[in-house]
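K.L.:
Could you have a look at this structure, given as structure tokens, before my questions?
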Amino acid sequence: MRPYGPPPPTLPETRPTISDVVEGPEGRHFTITFGPWQRLPTHRNASRILITAVRGSGSFSLSDGTAAALNTGGIVQVDPDVPHAVAAGEDGLEITVHLIAGCCGVC
């Protein structure tokens with residue numbers, strides 16, 4: 001399982017922190033911690049993605065302009081190859097990301 005590539009570059013002080021990376025046969029899982037107003041620019045992944053908001057708030061958006069609030073406990077599923085972005089609100093945001101390997105497409 002390999003994503004299409006990293007998101008567009010951003011200044012180091014504006015990048016969220018990635019931690020707790022675990023890779024196994026079911027996919028790759030990690031935590032992304034955003035400071036206030038930090039964002040992850042539009043990018044895409046070859047895998048199906050499941051995002052869970054652990055704390056804080058922010059927004060999740062698709063490249064077509066569709067956007068949704070992302071609050072503690074919120075869950076978002078993204079199909080493979082769909083461009084998307086995540087932005088934190090004023091209190092920051094922590095999410096867990098699950099890149100699901102070999103998903104059959106019915107979940």
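Labeling convention for the structure tokens: chains A, B, ... as they appear, residues from 1 per chain, ligands from 1 in order of appearance.
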Would you mind listing what lies within 10 Å of Leu62 (chain A) as a compact mmCIF listing (two decimals) with N, CA, C and O atoms, in the first residue's frame, with only C-alpha atoms counted and same-chain residues fewer than 6 positions away left out?
P.N.:
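Here's the written file part15.txt:
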```txt
# COMPACT_ATOMS: atom_id res chain seq x y z
N THR A 42 -4.65 19.92 0.33
CA THR A 42 -5.32 18.92 -0.49
C THR A 42 -4.33 17.88 -0.99
O THR A 42 -3.25 18.21 -1.49
N HIS A 43 -4.70 16.63 -0.80
CA HIS A 43 -3.88 15.49 -1.22
C HIS A 43 -4.82 14.32 -1.46
O HIS A 43 -6.01 14.40 -1.22
N ARG A 44 -4.28 13.20 -1.92
CA ARG A 44 -5.08 11.99 -2.15
C ARG A 44 -4.26 10.77 -1.76
O ARG A 44 -3.04 10.84 -1.68
N ALA A 68 -17.18 19.74 5.66
CA ALA A 68 -17.94 19.34 6.83
C ALA A 68 -17.13 19.64 8.08
O ALA A 68 -15.90 19.56 8.07
N VAL A 78 -13.22 8.17 3.45
CA VAL A 78 -12.87 8.73 2.15
C VAL A 78 -12.53 7.59 1.20
O VAL A 78 -11.71 6.73 1.53
N VAL A 82 -9.61 10.14 -3.77
CA VAL A 82 -10.45 11.34 -3.67
C VAL A 82 -9.62 12.45 -3.02
O VAL A 82 -9.18 12.31 -1.88
N PRO A 83 -9.40 13.56 -3.71
CA PRO A 83 -8.64 14.67 -3.12
C PRO A 83 -9.39 15.26 -1.92
O PRO A 83 -10.60 15.48 -1.99
N HIS A 84 -8.65 15.49 -0.83
CA HIS A 84 -9.25 16.01 0.39
C HIS A 84 -8.22 16.81 1.19
O HIS A 84 -7.02 16.69 0.95
N ALA A 85 -8.71 17.61 2.13
CA ALA A 85 -7.86 18.42 3.00
C ALA A 85 -8.47 18.44 4.39
O ALA A 85 -9.68 18.23 4.56
N VAL A 86 -7.63 18.71 5.40
CA VAL A 86 -8.08 18.81 6.79
C VAL A 86 -7.50 20.08 7.38
O VAL A 86 -6.33 20.40 7.16
```
K.L.:
Can you check which residues of chain A DSSP gives as strand (DSSP E) on the backbone and send them as a ChimeraX atom specification?
P.N.:
/A:17-24,27-34,39-43,48-62,67-71,75-78,84-100
K.L.:
Pick the closest to Phe60 (chain A) from A:Ala87, A:Val22, A:Ala46, A:Ile95: which is it, counting only C-alpha atoms?
P.N.:
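When distances to Phe60 (chain A) are compared using only C-alpha atoms, the smallest one comes from A:Ala87.
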K.L.:
Go through A:Ile32, A:Val54, A:Ile49, A:Ile100 and flag the residue nearest Val76 (chain A), using only C-alpha atoms for the distances.
P.N.:
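Among the listed residues, A:Ile49 lies closest to Val76 (chain A).
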K.L.:
One number please: CA of Trp37 (chain A) to CA of Val97 (chain A), in Å, one decimal.
P.N.:
18.9 Å
K.L.:
Any idea what's packed within 9 Å of Gln38 (chain A), counting only C-alpha atoms, ignoring anything in its chain fewer than 4 positions away? Could you give it as a list in words?
P.N.:
Thr14, Arg15, Pro16, Phe34, Val86, Ala87, Ala88, Gly89, Gly92 and Leu93 of chain A
K.L.:
Restricted to all heavy atoms, what would the selected residues look like written as a PDB file, in the first residue's frame?
P.N.:
```pdb
ATOM      1  N   THR A  14       4.206  25.220  10.187  1.00  0.00           N
ATOM      2  CA  THR A  14       2.768  25.135   9.957  1.00  0.00           C
ATOM      3  C   THR A  14       2.310  23.704   9.702  1.00  0.00           C
ATOM      4  O   THR A  14       1.136  23.473   9.463  1.00  0.00           O
ATOM      5  CB  THR A  14       2.347  26.016   8.763  1.00  0.00           C
ATOM      6  OG1 THR A  14       2.987  25.522   7.581  1.00  0.00           O
ATOM      7  CG2 THR A  14       2.709  27.469   8.995  1.00  0.00           C
ATOM      8  N   ARG A  15       3.214  22.759   9.772  1.00  0.00           N
ATOM      9  CA  ARG A  15       2.868  21.364   9.519  1.00  0.00           C
ATOM     10  C   ARG A  15       2.338  20.692  10.778  1.00  0.00           C
ATOM     11  O   ARG A  15       2.887  20.854  11.861  1.00  0.00           O
ATOM     12  CB  ARG A  15       4.095  20.585   9.051  1.00  0.00           C
ATOM     13  CG  ARG A  15       4.565  20.973   7.709  1.00  0.00           C
ATOM     14  CD  ARG A  15       5.750  20.127   7.314  1.00  0.00           C
ATOM     15  NE  ARG A  15       6.305  20.634   6.072  1.00  0.00           N
ATOM     16  CZ  ARG A  15       7.528  20.414   5.674  1.00  0.00           C
ATOM     17  NH1 ARG A  15       8.345  19.685   6.408  1.00  0.00           N
ATOM     18  NH2 ARG A  15       7.951  20.905   4.546  1.00  0.00           N
ATOM     19  N   PRO A  16       1.289  19.894  10.636  1.00  0.00           N
ATOM     20  CA  PRO A  16       0.844  19.081  11.764  1.00  0.00           C
ATOM     21  C   PRO A  16       1.883  18.000  12.063  1.00  0.00           C
ATOM     22  O   PRO A  16       2.738  17.699  11.222  1.00  0.00           O
ATOM     23  CB  PRO A  16      -0.465  18.474  11.276  1.00  0.00           C
ATOM     24  CG  PRO A  16      -0.576  18.778   9.836  1.00  0.00           C
ATOM     25  CD  PRO A  16       0.468  19.768   9.465  1.00  0.00           C
ATOM     26  N   PHE A  34      -2.732  18.593  15.051  1.00  0.00           N
ATOM     27  CA  PHE A  34      -2.703  19.925  14.463  1.00  0.00           C
ATOM     28  C   PHE A  34      -2.699  20.963  15.580  1.00  0.00           C
ATOM     29  O   PHE A  34      -3.471  20.848  16.537  1.00  0.00           O
ATOM     30  CB  PHE A  34      -3.960  20.187  13.632  1.00  0.00           C
ATOM     31  CG  PHE A  34      -4.144  19.299  12.438  1.00  0.00           C
ATOM     32  CD1 PHE A  34      -4.624  18.001  12.570  1.00  0.00           C
ATOM     33  CD2 PHE A  34      -3.884  19.774  11.167  1.00  0.00           C
ATOM     34  CE1 PHE A  34      -4.834  17.200  11.459  1.00  0.00           C
ATOM     35  CE2 PHE A  34      -4.091  18.975  10.044  1.00  0.00           C
ATOM     36  CZ  PHE A  34      -4.557  17.686  10.199  1.00  0.00           C
ATOM     37  N   VAL A  86      -7.629  18.709   5.404  1.00  0.00           N
ATOM     38  CA  VAL A  86      -8.084  18.810   6.789  1.00  0.00           C
ATOM     39  C   VAL A  86      -7.498  20.083   7.376  1.00  0.00           C
ATOM     40  O   VAL A  86      -6.329  20.402   7.157  1.00  0.00           O
ATOM     41  CB  VAL A  86      -7.630  17.590   7.629  1.00  0.00           C
ATOM     42  CG1 VAL A  86      -8.123  17.703   9.061  1.00  0.00           C
ATOM     43  CG2 VAL A  86      -8.109  16.286   7.001  1.00  0.00           C
ATOM     44  N   ALA A  87      -8.320  20.812   8.126  1.00  0.00           N
ATOM     45  CA  ALA A  87      -7.855  22.039   8.778  1.00  0.00           C
ATOM     46  C   ALA A  87      -8.340  22.046  10.223  1.00  0.00           C
ATOM     47  O   ALA A  87      -9.468  21.638  10.513  1.00  0.00           O
ATOM     48  CB  ALA A  87      -8.384  23.265   8.049  1.00  0.00           C
ATOM     49  N   ALA A  88      -7.479  22.505  11.129  1.00  0.00           N
ATOM     50  CA  ALA A  88      -7.834  22.595  12.544  1.00  0.00           C
ATOM     51  C   ALA A  88      -8.488  23.931  12.839  1.00  0.00           C
ATOM     52  O   ALA A  88      -8.255  24.925  12.145  1.00  0.00           O
ATOM     53  CB  ALA A  88      -6.583  22.443  13.404  1.00  0.00           C
ATOM     54  N   GLY A  89      -9.275  23.954  13.891  1.00  0.00           N
ATOM     55  CA  GLY A  89      -9.873  25.182  14.376  1.00  0.00           C
ATOM     56  C   GLY A  89      -8.974  25.860  15.392  1.00  0.00           C
ATOM     57  O   GLY A  89      -7.795  25.516  15.542  1.00  0.00           O
ATOM     58  N   GLY A  92      -7.044  23.603  17.931  1.00  0.00           N
ATOM     59  CA  GLY A  92      -6.267  22.499  17.393  1.00  0.00           C
ATOM     60  C   GLY A  92      -7.153  21.295  17.125  1.00  0.00           C
ATOM     61  O   GLY A  92      -8.373  21.323  17.339  1.00  0.00           O
ATOM     62  N   LEU A  93      -6.543  20.218  16.670  1.00  0.00           N
ATOM     63  CA  LEU A  93      -7.281  19.015  16.294  1.00  0.00           C
ATOM     64  C   LEU A  93      -6.334  17.833  16.352  1.00  0.00           C
ATOM     65  O   LEU A  93      -5.180  17.936  15.944  1.00  0.00           O
ATOM     66  CB  LEU A  93      -7.834  19.174  14.872  1.00  0.00           C
ATOM     67  CG  LEU A  93      -8.558  18.000  14.240  1.00  0.00           C
ATOM     68  CD1 LEU A  93      -9.874  17.717  14.975  1.00  0.00           C
ATOM     69  CD2 LEU A  93      -8.839  18.290  12.765  1.00  0.00           C
TER      70      LEU A  93
END
```
K.L.:
With a distance cut-off of 8 Å and only C-alpha atoms, select the neighbouring residues of Thr31 (chain A), excluding the residue or stretch itself and same-chain residues fewer than 2 positions from it, and output the selection as a ChimeraX atom specification.
P.N.:
/A:18-21,29,33,94-97
K.L.:
Mind writing the picked residues with all heavy atoms as a JSON list (two decimals), in the first residue's frame?
P.N.:
```json
[["chain", "number", "residue", "atom", "x", "y", "z"],
["A", 18, "ILE", "N", 2.89, 14.09, 12.84],
["A", 18, "ILE", "CA", 2.45, 12.71, 12.63],
["A", 18, "ILE", "C", 3.19, 11.83, 13.63],
["A", 18, "ILE", "O", 4.40, 11.94, 13.80],
["A", 18, "ILE", "CB", 2.74, 12.25, 11.20],
["A", 18, "ILE", "CG1", 1.94, 13.12, 10.22],
["A", 18, "ILE", "CG2", 2.39, 10.77, 11.02],
["A", 18, "ILE", "CD1", 2.25, 12.86, 8.76],
["A", 19, "SER", "N", 2.43, 10.96, 14.33],
["A", 19, "SER", "CA", 3.03, 10.07, 15.33],
["A", 19, "SER", "C", 2.29, 8.74, 15.38],
["A", 19, "SER", "O", 1.28, 8.56, 14.69],
["A", 19, "SER", "CB", 2.99, 10.75, 16.71],
["A", 19, "SER", "OG", 1.65, 10.98, 17.10],
["A", 20, "ASP", "N", 2.80, 7.84, 16.20],
["A", 20, "ASP", "CA", 2.15, 6.54, 16.46],
["A", 20, "ASP", "C", 1.88, 5.76, 15.17],
["A", 20, "ASP", "O", 0.82, 5.15, 15.02],
["A", 20, "ASP", "CB", 0.85, 6.72, 17.24],
["A", 20, "ASP", "CG", 1.04, 7.48, 18.53],
["A", 20, "ASP", "OD1", 2.09, 7.29, 19.18],
["A", 20, "ASP", "OD2", 0.14, 8.27, 18.90],
["A", 21, "VAL", "N", 2.82, 5.76, 14.26],
["A", 21, "VAL", "CA", 2.63, 5.07, 12.97],
["A", 21, "VAL", "C", 2.76, 3.56, 13.18],
["A", 21, "VAL", "O", 3.74, 3.08, 13.74],
["A", 21, "VAL", "CB", 3.66, 5.55, 11.93],
["A", 21, "VAL", "CG1", 3.48, 4.81, 10.61],
["A", 21, "VAL", "CG2", 3.57, 7.05, 11.73],
["A", 29, "HIS", "N", -1.83, 2.91, 10.14],
["A", 29, "HIS", "CA", -2.59, 3.71, 11.09],
["A", 29, "HIS", "C", -1.65, 4.70, 11.74],
["A", 29, "HIS", "O", -0.50, 4.36, 12.05],
["A", 29, "HIS", "CB", -3.21, 2.82, 12.18],
["A", 29, "HIS", "CG", -3.89, 1.62, 11.62],
["A", 29, "HIS", "ND1", -5.16, 1.66, 11.12],
["A", 29, "HIS", "CD2", -3.46, 0.34, 11.47],
["A", 29, "HIS", "CE1", -5.49, 0.46, 10.68],
["A", 29, "HIS", "NE2", -4.48, -0.36, 10.89],
["A", 33, "THR", "N", -1.58, 15.39, 14.77],
["A", 33, "THR", "CA", -1.92, 16.43, 15.73],
["A", 33, "THR", "C", -1.69, 17.79, 15.10],
["A", 33, "THR", "O", -0.58, 18.10, 14.66],
["A", 33, "THR", "CB", -1.08, 16.28, 17.01],
["A", 33, "THR", "OG1", -1.27, 14.96, 17.53],
["A", 33, "THR", "CG2", -1.49, 17.30, 18.06],
["A", 94, "GLU", "N", -6.81, 16.71, 16.86],
["A", 94, "GLU", "CA", -6.06, 15.47, 16.81],
["A", 94, "GLU", "C", -6.95, 14.42, 16.16],
["A", 94, "GLU", "O", -8.10, 14.24, 16.55],
["A", 94, "GLU", "CB", -5.67, 14.99, 18.21],
["A", 94, "GLU", "CG", -4.84, 13.72, 18.19],
["A", 94, "GLU", "CD", -4.41, 13.29, 19.58],
["A", 94, "GLU", "OE1", -3.93, 14.15, 20.34],
["A", 94, "GLU", "OE2", -4.57, 12.10, 19.89],
["A", 95, "ILE", "N", -6.41, 13.75, 15.13],
["A", 95, "ILE", "CA", -7.17, 12.73, 14.42],
["A", 95, "ILE", "C", -6.36, 11.45, 14.34],
["A", 95, "ILE", "O", -5.13, 11.47, 14.37],
["A", 95, "ILE", "CB", -7.57, 13.18, 13.00],
["A", 95, "ILE", "CG1", -6.34, 13.48, 12.13],
["A", 95, "ILE", "CG2", -8.51, 14.38, 13.05],
["A", 95, "ILE", "CD1", -6.66, 13.80, 10.67],
["A", 96, "THR", "N", -7.06, 10.32, 14.26],
["A", 96, "THR", "CA", -6.41, 9.07, 13.90],
["A", 96, "THR", "C", -6.80, 8.79, 12.46],
["A", 96, "THR", "O", -7.94, 9.05, 12.04],
["A", 96, "THR", "CB", -6.83, 7.89, 14.81],
["A", 96, "THR", "OG1", -8.24, 7.76, 14.77],
["A", 96, "THR", "CG2", -6.37, 8.11, 16.23],
["A", 97, "VAL", "N", -5.84, 8.30, 11.71],
["A", 97, "VAL", "CA", -6.04, 8.01, 10.29],
["A", 97, "VAL", "C", -5.76, 6.53, 10.07],
["A", 97, "VAL", "O", -4.74, 6.01, 10.52],
["A", 97, "VAL", "CB", -5.10, 8.87, 9.41],
["A", 97, "VAL", "CG1", -5.29, 8.53, 7.94],
["A", 97, "VAL", "CG2", -5.33, 10.35, 9.67]]
```
